[in-house]
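**Student:** First, the structure itself, so that you have it in front of you.
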Amino acid sequence: MGIEKDIQQPVFRNDYQKAMVNIIFSANWLTERIKFFLESEDITLQQYNILRILRGTTKPISTLQIRERMLDKMSDTSRIVERMLKKGLVEKKTCSADKRMVDVVLSKRGLSLLEKLDKKNAALDNILEGLTPAEATALNSLLDKIREPY
């Protein structure tokens, strides 16, 4: 099966157009599989991304700093953090350096959820099981190369 069959478009203007369409289609395909993986824990892909960002920091960070690190820069980080706060996955604290700002930290419940999901990392990795480790490395290099000029 190729992109031509997946989207029922037998002809592309050139290989660059085909590659762009293929990347967009594949990104959406991958996103749907990750959403399904996270569905059992009642969190979204953006919430999972924020949990991982918070675990990777050594100190509390603002929603602006979270947004800068997110995979989806268009996310409404403040709204997502509020939902996570209601679920008990994060905690908010007044920033000690600037009282007008709020810092976000991972809660014990959020860390526990991440640890539970970490045990299922093989299932996440298996989404790309059609690639060999060398192919995954090559794909990473190609995707990085696409973004280099920007």
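By order of appearance in the structure tokens: chains A, B, ..., then residues from 1 within every chain, and ligands from 1 in the order shown.
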Please, which residues in segment 12-87 of chain A fall within 12 Å of segment 102-116 of chain A when counting only C-alpha atoms, and what is the closest atom pair and distance in Å to one decimal for each, ordered by chain then residue number, as a tab-separated table?
**Tutor:**
residue	atom	partner	partner_atom	distance
A:Leu38	CA	A:Leu113	CA	10.7
A:Ser40	CA	A:Leu113	CA	11.3
A:Glu41	CA	A:Leu113	CA	8.0
A:Asp42	CA	A:Leu113	CA	10.5
A:Ile43	CA	A:Leu113	CA	9.9
A:Gln47	CA	A:Gly110	CA	10.1
A:Tyr48	CA	A:Leu114	CA	8.1
A:Asn49	CA	A:Leu114	CA	10.4
A:Ile50	CA	A:Leu106	CA	9.1
A:Leu51	CA	A:Leu106	CA	6.8
A:Arg52	CA	A:Leu114	CA	7.5
A:Ile53	CA	A:Leu106	CA	9.2
A:Leu54	CA	A:Leu106	CA	5.7
A:Arg55	CA	A:Leu106	CA	6.6
A:Gly56	CA	A:Leu106	CA	9.9
A:Thr57	CA	A:Val105	CA	8.9
A:Thr58	CA	A:Val105	CA	9.7
A:Lys59	CA	A:Val105	CA	7.7
A:Pro60	CA	A:Val105	CA	5.1
A:Ile61	CA	A:Asp103	CA	4.9
A:Ser62	CA	A:Asp103	CA	4.5
A:Thr63	CA	A:Val104	CA	7.0
A:Leu64	CA	A:Asp103	CA	9.6
A:Gln65	CA	A:Asp103	CA	9.4
A:Ile66	CA	A:Val104	CA	8.8
A:Arg67	CA	A:Val104	CA	11.9
A:Thr77	CA	A:Val104	CA	11.1
A:Ser78	CA	A:Val104	CA	10.2
A:Ile80	CA	A:Val104	CA	11.7
A:Val81	CA	A:Val104	CA	8.1
A:Glu82	CA	A:Val104	CA	10.3
A:Met84	CA	A:Gly110	CA	8.7
A:Leu85	CA	A:Ser107	CA	9.0
A:Lys86	CA	A:Ser107	CA	11.6
A:Lys87	CA	A:Arg109	CA	8.8
**Student:** If you run DSSP on the backbone here, which positions in segment 73-143 of chain A get strand (DSSP E)? Please write them as a PyMOL selection string.
**Tutor:** chain A and resi 90-94+102-106
**Student:** Write down as number ranges by chain the residues of chain A whose backbone DSSP state falls under helix (DSSP H, G or I).
**Tutor:** A: 3-7, 15-39, 45-55, 63-69, 77-86, 108-118, 121-128, 133-147
**Student:** How many Å separate atom CA of Glu39 of chain A from atom CA of Leu117 of chain A?
**Tutor:** 11.4 Å
**Student:** Give me, as a tab-separated table, the closest atom pair and its distance (Å, one decimal) for every residue of segment 26-60 of chain A within a cut-off of 12 Å of segment 4-20 of chain A, counting only C-alpha atoms, rows sorted by chain and rising number.
**Tutor:**
residue	atom	partner	partner_atom	distance
A:Ser26	CA	A:Met20	CA	9.8
A:Ala27	CA	A:Met20	CA	10.6
A:Trp29	CA	A:Asp6	CA	10.8
**Student:** So what do you get for atom CA of Ala136 of chain A versus atom CA of Ile3 of chain A, distance-wise?
**Tutor:**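 Computed distance, atom CA of Ala136 of chain A to atom CA of Ile3 of chain A, equals 18.8 Å.
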**Student:** Do a neighbour search on Ile146 of chain A at 12 Å with only C-alpha atoms, toss out local chain neighbours closer than 3 positions, and write the hits as a compact mmCIF listing (two decimals) with N, CA and C atoms, in the first residue's frame.
**Tutor:**
# COMPACT_ATOMS: atom_id res chain seq x y z
N TYR A 16 8.37 15.93 -4.76
CA TYR A 16 8.33 16.81 -3.61
C TYR A 16 6.89 16.95 -3.10
N ALA A 19 5.95 13.76 -1.42
CA ALA A 19 6.58 13.65 -0.10
C ALA A 19 5.83 14.49 0.93
N MET A 20 5.46 15.73 0.55
CA MET A 20 4.72 16.59 1.48
C MET A 20 3.38 15.96 1.86
N ILE A 23 4.01 12.99 4.15
CA ILE A 23 4.38 13.38 5.51
C ILE A 23 3.15 13.82 6.29
N LEU A 139 15.21 7.89 8.72
CA LEU A 139 14.02 8.73 8.69
C LEU A 139 14.22 9.97 9.56
N ASN A 140 14.77 9.77 10.76
CA ASN A 140 15.05 10.90 11.64
C ASN A 140 15.97 11.90 10.97
N SER A 141 17.00 11.43 10.32
CA SER A 141 17.94 12.31 9.62
C SER A 141 17.26 13.08 8.50
N LEU A 142 16.44 12.39 7.73
CA LEU A 142 15.74 13.04 6.62
C LEU A 142 14.75 14.11 7.13
N LEU A 143 14.01 13.79 8.18
CA LEU A 143 13.06 14.75 8.72
C LEU A 143 13.79 15.97 9.30
N PRO A 149 16.82 24.29 6.91
CA PRO A 149 16.88 25.68 6.42
C PRO A 149 16.02 26.65 7.23
N TYR A 150 15.15 26.14 8.05
CA TYR A 150 14.21 27.01 8.79
C TYR A 150 14.58 27.01 10.23
